[in-house]
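Just query_19.cif here, mmCIF, C-alpha atoms:
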```cif
data_data
loop_
_atom_site.label_atom_id
_atom_site.label_comp_id
_atom_site.auth_asym_id
_atom_site.auth_seq_id
_atom_site.Cartn_x
_atom_site.Cartn_y
_atom_site.Cartn_z
CA MET A 4 -15.30 25.20 -26.08
CA LYS A 5 -13.49 22.01 -25.26
CA ASN A 6 -10.24 20.21 -25.78
CA SER A 7 -8.04 23.20 -26.39
CA PRO A 8 -4.32 22.34 -26.19
CA LYS A 9 -3.17 24.91 -23.61
CA GLN A 10 -0.42 23.48 -21.42
CA GLN A 11 1.16 20.48 -23.07
CA ALA A 12 2.48 17.61 -21.01
CA GLN A 13 5.52 15.61 -21.93
CA ILE A 14 4.93 11.88 -22.27
CA ILE A 15 7.87 9.58 -21.64
CA ALA A 16 7.23 6.14 -23.13
CA PRO A 17 8.34 3.02 -21.19
CA ASP A 18 11.06 2.31 -23.76
CA ALA A 19 12.58 5.72 -23.06
CA TYR A 20 13.38 5.17 -19.37
CA PRO A 21 15.16 2.36 -17.50
CA GLN A 22 12.90 -0.59 -16.73
CA MET A 23 12.89 -2.67 -13.57
CA LEU A 24 14.05 -5.77 -15.46
CA SER A 25 15.61 -6.50 -18.83
CA LYS A 26 13.23 -8.06 -21.38
CA PRO A 27 14.62 -11.63 -21.08
CA ASN A 28 14.50 -11.41 -17.29
CA ALA A 29 11.01 -9.92 -17.39
CA ALA A 30 9.60 -12.98 -19.17
CA ARG A 31 11.26 -15.33 -16.67
CA ALA A 32 10.15 -13.19 -13.74
CA ILE A 33 6.50 -13.34 -14.82
CA GLU A 34 6.74 -17.10 -15.02
CA THR A 35 8.20 -17.16 -11.52
CA LEU A 36 5.52 -14.87 -10.07
CA ARG A 37 2.75 -17.05 -11.49
CA SER A 38 4.21 -20.45 -10.68
CA ALA A 39 2.60 -22.81 -8.20
CA GLN A 40 6.02 -23.33 -6.63
CA THR A 41 6.37 -19.62 -5.86
CA ALA A 42 2.86 -19.52 -4.37
CA ALA A 43 3.72 -22.48 -2.16
CA ASN A 44 7.02 -20.87 -1.14
CA ALA A 45 5.20 -17.66 -0.22
CA GLN A 46 2.56 -19.48 1.77
CA ALA A 47 5.25 -21.31 3.72
CA ALA A 48 7.17 -18.07 4.27
CA ILE A 49 4.10 -16.33 5.69
CA ALA A 50 3.22 -19.37 7.83
CA ALA A 51 6.72 -19.27 9.33
CA GLN A 52 6.07 -15.69 10.45
CA VAL A 53 2.75 -16.41 12.18
CA PRO A 54 4.05 -17.05 15.73
CA ALA A 55 6.08 -13.81 15.73
CA LEU A 56 3.19 -11.85 14.22
CA ARG A 57 0.73 -13.17 16.80
CA ALA A 58 3.08 -12.24 19.62
CA ALA A 59 3.40 -8.75 18.14
CA ILE A 60 -0.38 -8.41 17.79
CA LEU A 61 -0.82 -9.30 21.47
CA GLU A 62 1.71 -6.60 22.39
CA TYR A 63 -0.23 -4.05 20.34
CA VAL A 64 -3.48 -5.22 21.95
CA GLU A 65 -2.00 -4.67 25.41
CA ALA A 66 -0.85 -1.19 24.43
CA LEU A 67 -4.31 -0.51 22.99
CA GLU A 68 -5.99 -1.59 26.22
CA ASN A 69 -3.58 0.51 28.28
CA ALA A 70 -4.04 3.63 26.17
CA GLN A 71 -6.39 5.05 28.83
CA GLY A 72 -8.36 7.20 26.46
CA ASP A 73 -5.37 8.55 24.53
CA MET A 74 -6.98 8.40 21.09
CA THR A 75 -3.71 8.96 19.25
CA ILE A 76 -2.33 5.77 20.78
CA VAL A 77 -5.61 3.93 20.20
CA PHE A 78 -5.54 4.80 16.50
CA GLU A 79 -1.84 4.00 16.08
CA LYS A 80 -2.12 0.57 17.69
CA ALA A 81 -5.39 -0.32 15.97
CA HIS A 82 -3.81 0.70 12.69
CA GLU A 83 -0.83 -1.60 13.28
CA ILE A 84 -3.19 -4.44 14.20
CA ARG A 85 -5.31 -4.07 11.08
CA GLY A 86 -2.10 -4.03 9.04
CA PHE A 87 -1.12 -7.62 9.66
CA ALA A 88 -3.61 -9.39 11.97
CA GLU A 89 -4.97 -11.27 8.97
CA SER A 90 -1.46 -12.39 7.98
CA ALA A 91 -1.22 -13.81 11.51
CA GLY A 92 -4.47 -15.72 10.96
CA LEU A 93 -6.46 -13.36 13.24
CA ILE A 94 -9.08 -12.41 10.70
CA THR A 95 -11.78 -11.07 13.02
CA THR A 96 -9.21 -9.13 15.03
CA GLY A 97 -8.07 -7.38 11.87
CA ARG A 98 -11.63 -6.77 10.79
CA ILE A 99 -12.65 -5.09 14.06
CA ALA A 100 -9.44 -3.03 14.09
CA ASP A 101 -10.29 -1.88 10.57
CA ILE A 102 -13.83 -0.89 11.65
CA LEU A 103 -12.36 1.14 14.53
CA CYS A 104 -9.72 2.85 12.36
CA ARG A 105 -12.26 3.82 9.71
CA TYR A 106 -14.58 5.24 12.35
CA MET A 107 -11.80 7.28 13.98
CA ASP A 108 -10.46 8.43 10.62
CA ASP A 109 -13.90 9.54 9.37
CA MET A 110 -14.72 11.43 12.58
CA GLU A 111 -11.33 13.13 12.52
CA ARG A 112 -11.91 14.16 8.92
CA ILE A 113 -15.20 15.90 9.74
CA LYS A 114 -13.87 17.19 13.10
CA LYS A 115 -16.59 15.54 15.19
CA PRO A 116 -16.00 14.11 18.69
CA LEU A 117 -15.59 10.38 19.07
CA ASP A 118 -18.10 8.25 20.95
CA THR A 119 -15.67 6.98 23.58
CA THR A 120 -18.02 4.16 24.61
CA LEU A 121 -18.06 2.87 21.04
CA VAL A 122 -14.25 3.09 20.89
CA ALA A 123 -13.99 1.17 24.18
CA LEU A 124 -16.36 -1.52 22.85
CA ASN A 125 -14.17 -1.97 19.77
CA VAL A 126 -10.99 -2.09 21.85
CA SER A 127 -12.50 -4.72 24.11
CA ALA A 128 -13.66 -6.79 21.12
CA ILE A 129 -10.21 -6.59 19.52
CA GLY A 130 -8.66 -7.92 22.74
CA ARG A 131 -11.11 -10.79 23.03
CA ALA A 132 -10.77 -11.77 19.37
CA ALA A 133 -6.96 -11.68 19.46
CA ARG A 134 -6.79 -13.86 22.57
CA ALA A 135 -9.28 -16.38 21.21
CA GLU A 136 -6.59 -17.28 18.64
CA GLY A 137 -7.85 -19.95 16.19
CA ASN A 138 -11.42 -19.69 17.44
CA ASP A 139 -11.69 -15.97 16.86
CA VAL A 140 -13.49 -16.19 13.52
CA ALA A 141 -16.42 -18.20 14.83
CA MET A 142 -16.62 -16.21 18.04
CA GLY A 143 -16.09 -12.78 16.59
CA ASP A 144 -18.09 -12.66 13.38
CA ALA A 145 -21.35 -11.65 15.05
CA VAL A 146 -19.52 -9.15 17.27
CA ALA A 147 -17.78 -7.59 14.26
CA GLN A 148 -21.09 -7.26 12.43
CA GLU A 149 -22.74 -5.59 15.39
CA LEU A 150 -19.84 -3.19 15.84
CA ALA A 151 -19.86 -2.36 12.15
CA ALA A 152 -23.59 -1.58 12.39
CA LEU A 153 -23.04 0.60 15.47
CA VAL A 154 -20.22 2.49 13.77
CA ALA A 155 -22.33 2.98 10.64
CA LYS A 156 -25.12 4.43 12.79
CA ARG A 157 -22.75 6.81 14.60
CA LEU A 158 -21.28 7.96 11.28
CA ALA A 159 -24.78 8.49 9.88
CA ASP A 160 -25.70 10.49 13.00
CA ALA A 161 -22.59 12.61 12.36
CA GLY A 162 -23.67 13.26 8.77
CA LEU A 163 -21.57 10.62 7.01
CA GLY A 164 -24.39 8.31 5.96
CA MET B 36 12.97 -22.59 -11.64
CA PRO B 37 11.89 -20.58 -8.56
CA GLY B 38 13.50 -17.16 -8.43
CA ALA B 39 14.35 -17.02 -12.11
CA GLY B 40 14.39 -13.53 -13.52
CA PHE B 41 14.94 -11.73 -10.23
CA GLU B 42 18.60 -12.60 -9.60
CA SER B 43 19.83 -9.05 -10.10
CA LEU B 44 16.75 -7.13 -8.93
CA ARG B 45 17.38 -4.79 -5.99
CA ALA B 46 14.35 -3.98 -3.85
CA LEU B 47 13.92 -1.43 -1.08
CA ILE B 48 11.34 -1.86 1.70
CA VAL B 49 10.30 1.39 3.41
CA GLU B 50 8.21 0.56 6.46
CA ASP B 51 8.32 1.72 10.08
CA ASN B 52 6.98 -1.56 11.47
CA ALA B 53 9.76 -4.13 11.87
CA HIS B 54 7.31 -7.06 11.74
CA MET B 55 5.88 -5.82 8.47
CA ARG B 56 9.39 -5.40 7.03
CA THR B 57 10.19 -8.99 7.98
CA LEU B 58 6.96 -10.24 6.42
CA LEU B 59 7.55 -8.34 3.18
CA ARG B 60 11.13 -9.55 2.99
CA ALA B 61 9.98 -13.16 3.48
CA VAL B 62 7.39 -12.86 0.70
CA LEU B 63 9.88 -11.25 -1.70
CA ASN B 64 12.46 -13.93 -0.84
CA SER B 65 9.95 -16.62 -1.73
CA ALA B 66 9.85 -15.26 -5.30
CA GLY B 67 13.64 -15.23 -5.46
CA ILE B 68 14.11 -11.52 -4.73
CA LYS B 69 17.08 -11.64 -2.40
CA LEU B 70 18.82 -8.27 -2.77
CA ILE B 71 16.72 -6.25 -0.36
CA ALA B 72 17.50 -3.06 1.55
CA GLU B 73 15.31 -1.70 4.32
CA ALA B 74 14.48 1.71 5.75
CA ALA B 75 12.15 2.71 8.59
CA SER B 76 11.06 6.10 7.23
CA GLY B 77 10.89 8.09 4.02
CA GLN B 78 13.87 10.15 5.10
CA ALA B 79 16.01 7.06 5.77
CA ALA B 80 14.87 5.58 2.45
CA LEU B 81 16.10 8.62 0.52
CA ALA B 82 19.53 8.07 2.05
CA VAL B 83 19.45 4.38 1.10
CA LEU B 84 18.44 5.25 -2.46
CA ARG B 85 21.41 7.59 -2.77
CA GLU B 86 23.81 4.89 -1.53
CA HIS B 87 22.39 1.82 -3.27
CA LYS B 88 20.76 1.29 -6.64
CA SER B 89 17.13 0.18 -6.23
CA ASP B 90 14.94 -1.24 -9.00
CA LEU B 91 11.73 -1.57 -6.99
CA VAL B 92 10.43 0.21 -3.88
CA LEU B 93 7.73 -1.05 -1.53
CA SER B 94 6.68 1.80 0.74
CA ASP B 95 4.30 2.23 3.65
CA LEU B 96 2.21 5.40 3.69
CA ALA B 97 2.08 6.54 7.34
CA MET B 98 5.59 6.99 8.73
CA LYS B 99 7.51 9.60 10.69
CA PRO B 100 9.40 11.87 10.21
CA MET B 101 8.70 11.56 6.48
CA ASP B 102 5.67 9.65 5.19
CA GLY B 103 5.36 7.60 2.02
CA LEU B 104 3.69 10.39 0.06
CA GLU B 105 6.44 12.92 0.69
CA PHE B 106 9.05 10.23 0.03
CA THR B 107 7.41 9.48 -3.33
CA ARG B 108 7.24 13.17 -4.26
CA ARG B 109 10.95 13.56 -3.45
CA VAL B 110 11.92 10.49 -5.47
CA ARG B 111 9.93 11.73 -8.45
CA ASN B 112 10.76 15.43 -8.30
CA ASP B 113 14.02 16.06 -6.48
CA GLU B 114 16.62 17.23 -8.95
CA HIS B 115 19.20 14.98 -7.24
CA SER B 116 16.92 11.93 -7.18
CA PRO B 117 19.01 8.88 -8.18
CA ASN B 118 16.10 7.27 -10.07
CA PRO B 119 12.90 9.30 -10.55
CA PHE B 120 11.41 6.47 -12.63
CA VAL B 121 11.77 3.72 -10.00
CA PRO B 122 8.49 1.78 -9.55
CA ILE B 123 6.94 2.49 -6.14
CA ILE B 124 4.29 0.21 -4.68
CA MET B 125 2.47 1.97 -1.83
CA ILE B 126 1.39 -0.59 0.78
CA THR B 127 -0.99 0.70 3.41
CA GLY B 128 -3.98 0.05 5.62
CA HIS B 129 -5.27 3.53 4.77
CA THR B 130 -7.49 2.60 1.86
CA GLU B 131 -9.91 5.53 1.95
CA LYS B 132 -10.53 6.97 -1.52
CA TYR B 133 -8.98 10.35 -0.75
CA ARG B 134 -5.76 8.68 0.42
CA VAL B 135 -5.57 6.52 -2.70
CA GLN B 136 -5.96 9.67 -4.79
CA ALA B 137 -3.26 11.42 -2.78
CA ALA B 138 -0.90 8.49 -3.38
CA ARG B 139 -1.68 8.51 -7.10
CA ASP B 140 -1.08 12.26 -7.27
CA ALA B 141 2.23 11.89 -5.44
CA GLY B 142 3.40 9.56 -8.21
CA VAL B 143 3.10 6.02 -6.89
CA THR B 144 3.08 3.27 -9.49
CA GLU B 145 0.79 0.77 -7.75
CA PHE B 146 -1.32 0.75 -4.58
CA LEU B 147 -1.67 -2.32 -2.34
CA ALA B 148 -4.01 -2.53 0.65
CA LYS B 149 -2.96 -4.17 3.88
CA PRO B 150 -3.33 -6.88 4.99
CA ILE B 151 -1.04 -8.01 2.24
CA THR B 152 -1.21 -11.38 0.54
CA ALA B 153 1.56 -12.87 -1.57
CA HIS B 154 -0.90 -13.21 -4.44
CA ASN B 155 -1.74 -9.49 -4.43
CA LEU B 156 1.86 -8.36 -4.03
CA PHE B 157 3.02 -10.60 -6.87
CA ALA B 158 0.14 -9.32 -9.02
CA ARG B 159 1.32 -5.72 -8.52
CA ILE B 160 4.91 -6.62 -9.38
CA ALA B 161 3.74 -8.54 -12.46
CA GLU B 162 1.70 -5.51 -13.54
CA ILE B 163 4.81 -3.32 -13.39
CA VAL B 164 6.85 -5.86 -15.36
CA GLU B 165 4.22 -6.65 -17.99
CA ARG B 166 2.61 -3.26 -18.48
CA PRO B 167 5.11 -0.54 -17.62
CA ARG B 168 3.35 2.83 -17.63
CA ALA B 169 4.41 5.87 -19.56
CA PHE B 170 5.58 8.79 -17.41
CA VAL B 171 4.01 12.22 -17.59
CA ARG B 172 5.78 15.50 -16.93
CA CYS B 173 3.70 18.65 -16.63
CA ASP B 174 3.64 21.82 -14.53
CA ASN B 175 2.38 20.21 -11.35
CA TYR B 176 3.05 16.50 -11.78
CA PHE B 177 5.79 14.08 -12.63
CA GLY B 178 5.10 10.37 -12.38
CA PRO B 179 3.41 7.36 -13.97
CA ASP B 180 0.51 8.19 -16.28
CA ARG B 181 -2.54 8.34 -14.02
CA ARG B 182 -4.94 7.53 -16.86
CA ARG B 183 -5.29 3.80 -17.33
CA HIS B 184 -8.26 4.08 -19.69
CA ILE B 185 -9.40 6.45 -22.41
CA GLN B 186 -12.74 8.03 -21.52
CA ASP B 187 -14.93 8.50 -24.58
CA ASP B 188 -17.06 11.11 -22.83
CA TYR B 189 -14.14 13.15 -21.43
CA SER B 190 -14.91 16.84 -21.89
CA GLY B 191 -12.05 18.53 -20.03
CA PRO B 192 -9.05 20.26 -21.58
CA TRP B 193 -6.59 18.12 -23.56
CA ARG B 194 -3.06 19.01 -22.62
CA ARG B 195 -0.79 16.35 -24.02
CA ARG B 196 1.20 16.47 -27.19
CA ASP B 197 -0.11 13.10 -28.32
CA ASP B 198 -3.76 13.72 -27.42
CA PHE B 199 -4.77 14.87 -30.89
CA GLN B 200 -3.10 11.91 -32.56
CA GLN B 201 -4.75 9.68 -29.94
CA ASP B 202 -8.04 11.38 -30.71
CA LEU B 203 -7.66 10.54 -34.38
CA ASP B 204 -6.64 6.98 -33.57
CA VAL B 205 -9.65 6.44 -31.30
CA ARG B 206 -12.09 7.80 -33.85
#
```

Would you mind writing the file out in structure tokens?
Amino acid sequence: MKNSPKQQAQIIAPDAYPQMLSKPNAARAIETLRSAQTAANAQAAIAAQVPALRAAILEYVEALENAQGDMTIVFEKAHEIRGFAESAGLITTGRIADILCRYMDDMERIKKPLDTTLVALNVSAIGRAARAEGNDVAMGDAVAQELAALVAKRLADAGLG
Amino acid sequence: MPGAGFESLRALIVEDNAHMRTLLRAVLNSAGIKLIAEAASGQAALAVLREHKSDLVLSDLAMKPMDGLEFTRRVRNDEHSPNPFVPIIMITGHTEKYRVQAARDAGVTEFLAKPITAHNLFARIAEIVERPRAFVRCDNYFGPDRRRHIQDDYSGPWRRRDDFQQDLDVR
């Protein structure tokens, strides 16, 4: 037996509730969102934020390094770093922070203990990549790959292959 | 003309990280979205929504004391919610599948992974403008329709009033 209409859901069509923009404004807004001028404006706006973002990342890195094994702090700071390191031009830093967060999140989900040496390796790599500034991509790519492989192995060992 | 179409749009940024709020504001400004309110938690955002009309919400997921999921549920389901239909873009570094599903089930309109790019954020806003989703109200859910595609091989129960008409239309 399939497709029996038991509990019916009410469908509210887009025309039946208030929209974000009126129709004439919607057409103009789409044009704006897709214009080269808007893309250039956005790029300039993000570029203007880079110095402040980099300074913030370095503060988070310091807090990460001073966490002294407090894994709640380690996760919180790594999570902030992965959130906008790339916007600050620190691509490898963000990538390693993402590897660390995913590892910690997965292990927490299956209630398995963290490999503290692996966490420390990631923290150290995040610090080095962030301080290498513009050179971090070239320097850190190999490191990020190795850390990703190590994390994958630990997760596989823990049953998350 | 840069900014055309967004002159009267009011956006709300809900994010506990001040740097991220600044970045999001800068990107929205670059598209001409200038009327922007900010809140540092879901709880603060609910207060802002009650005080100021908002047409678009960008919300982080992990915040204290109220996270983005609970905030979304309250906006959608609270009987005193000022606008249960407001589009909510969930912006987060937590991109694991189970979290995306949780956000969808809470009633978010679009999901955007950090690190954000202007291109991706604008694409989500354009999606909301160009293809507004129907809303669904049932026993345990109120929010944007979570089905974006019709599955030909779907064999579960059909619960919507228009499903049988849709069935006829498809076949």

Listing only residues of chain A within 9 Å of chain B, what is the closest atom pair and its distance in Å (to one decimal) for each, using only C-alpha atoms, sorted by chain and residue number ascending, as CSV?
```
residue,atom,partner,partner_atom,distance
A:Lys5,CA,B:Pro192,CA,6.0
A:Asn6,CA,B:Pro192,CA,4.4
A:Ser7,CA,B:Pro192,CA,5.7
A:Pro8,CA,B:Arg194,CA,5.0
A:Lys9,CA,B:Arg194,CA,6.0
A:Gln10,CA,B:Arg194,CA,5.3
A:Gln11,CA,B:Arg194,CA,4.5
A:Ala12,CA,B:Arg195,CA,4.6
A:Gln13,CA,B:Arg172,CA,5.0
A:Ile14,CA,B:Val171,CA,4.8
A:Ile15,CA,B:Phe170,CA,4.9
A:Ala16,CA,B:Ala169,CA,4.6
A:Pro17,CA,B:Ala169,CA,5.1
A:Asp18,CA,B:Ala169,CA,8.6
A:Ala19,CA,B:Ala169,CA,8.9
A:Tyr20,CA,B:Phe120,CA,7.1
A:Pro21,CA,B:Phe120,CA,7.4
A:Gln22,CA,B:Pro167,CA,7.8
A:Met23,CA,B:Asp90,CA,5.2
A:Leu24,CA,B:Leu44,CA,7.2
A:Ser25,CA,B:Gly40,CA,8.9
A:Pro27,CA,B:Gly40,CA,7.8
A:Asn28,CA,B:Gly40,CA,4.3
A:Ala29,CA,B:Val164,CA,6.2
A:Ala30,CA,B:Gly40,CA,7.4
A:Arg31,CA,B:Gly40,CA,4.8
A:Ala32,CA,B:Gly40,CA,4.3
A:Ile33,CA,B:Ala161,CA,6.0
A:Glu34,CA,B:Ala39,CA,8.1
A:Thr35,CA,B:Pro37,CA,5.8
A:Leu36,CA,B:Phe157,CA,5.9
A:Arg37,CA,B:Phe157,CA,7.9
A:Ser38,CA,B:Pro37,CA,8.0
A:Gln40,CA,B:Pro37,CA,6.8
A:Thr41,CA,B:Ala66,CA,5.6
A:Ala42,CA,B:Ala153,CA,7.3
A:Ala43,CA,B:Ser65,CA,8.6
A:Asn44,CA,B:Ser65,CA,5.2
A:Ala45,CA,B:Ser65,CA,5.1
A:Gln46,CA,B:Ala153,CA,7.5
A:Ala47,CA,B:Ser65,CA,8.6
A:Ala48,CA,B:Ala61,CA,5.7
A:Ile49,CA,B:Leu58,CA,6.8
A:Gln52,CA,B:Leu58,CA,6.8
A:Ala55,CA,B:His54,CA,7.9
A:Leu56,CA,B:His54,CA,6.8
A:Ala59,CA,B:His54,CA,7.7
A:His82,CA,B:Gly128,CA,7.1
A:Glu83,CA,B:Asn52,CA,8.0
A:Arg85,CA,B:Gly128,CA,7.0
A:Gly86,CA,B:Pro150,CA,5.1
A:Phe87,CA,B:Pro150,CA,5.2
A:Ala88,CA,B:Pro150,CA,7.4
A:Glu89,CA,B:Pro150,CA,6.1
A:Ser90,CA,B:Pro150,CA,6.5
A:Gly97,CA,B:Pro150,CA,8.4
A:Asp101,CA,B:Gly128,CA,8.2
A:Cys104,CA,B:His129,CA,8.8
A:Arg105,CA,B:Glu131,CA,8.3
```

*Dump as number ranges by chain all residues having an atom at most 12 Å from (-6.6, 4.6, 26.7), computed in the file's coordinates with all atoms listed in the file.*
A: 64-81, 119-120, 122-123, 126-127

*asked:* Counting all atoms listed in the file, I want the residues whose atoms come within 9 Å of (-11.0, -7.0, 12.7) in the file frame, returned as a list in words.
replied: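 In the file's frame, the residues around the point are Ile84, Arg85, Ala88, Glu89, Leu93, Ile94, Thr95, Thr96, Gly97, Arg98, Ile99, Ala100, Asp101, Ile102, Leu103, Ala128, Ile129, Ala132, Gly143 and Ala147 of chain A.
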
*Just give me the gap between CA of Glu114 in chain B and CA of Asn175 in chain B in Å, one decimal is fine.*
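CA of Asn175 in chain B lies 14.7 Å from CA of Glu114 in chain B.
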
_Distance in Å - CA of Pro117 in chain B versus CA of Ser76 in chain B_ =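 Atom-to-atom, CA of Pro117 in chain B and CA of Ser76 in chain B are spaced 17.6 Å apart.
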
*Please evaluate the PyMOL selection byres ((chain B and resi 85) around 12) against the displayed coordinates and give the resulting residues as a count of residues only.*
19

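Counting from CA of Ala72 in chain B, the distance to CA of Ala58 in chain A is 24.9 Å.
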
*asked:* Can you pull out the residues contacting Arg57 in chain A? Cut-off 7 Å, using all atoms listed in the file, and skip same-chain residues under 4 positions away; I want them as an MDAnalysis selection string.
replied: chainID A and resid 53 61 91

Size and centre in Å, one decimal, axis-aligned box, all listed range 37-50 of chain A atoms plus 6 Å per side, as AutoDock Vina command-line options:
```
--center_x 4.9 --center_y -19.8 --center_z -1.8 --size_x 16.6 --size_y 19.0 --size_z 31.3
```

*Tell me, as a list in words, which residues lie within 12 Å of Lys115 in chain A, counting all atoms listed in the file; anything in the same chain fewer than 6 positions away does not count.*
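The residues that qualify are Tyr106, Met107, Asp108, Asp109, Arg157, Leu158, Asp160, Ala161, Gly162 and Leu163 of chain A.
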
*Enumerate, as a PyMOL selection string, the residues matched when the PyMOL selection byres ((chain B and resi 134-142) around 6) is run on the file above.*
chain B and resi 104+108+131-133+143+178

*Residue nearest Ile124 in chain B - candidates B:Arg109, B:Asp102, B:Thr144, B:Leu96, atoms counted: all atoms listed in the file*: B:Thr144

*asked:* Using only C-alpha atoms for the distances, tell me which of B:Glu145, B:Val49, B:Asn155, B:Arg182 is nearest to Gly103 in chain B.
replied: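 When distances to Gly103 in chain B are compared using only C-alpha atoms, the smallest one comes from B:Val49.
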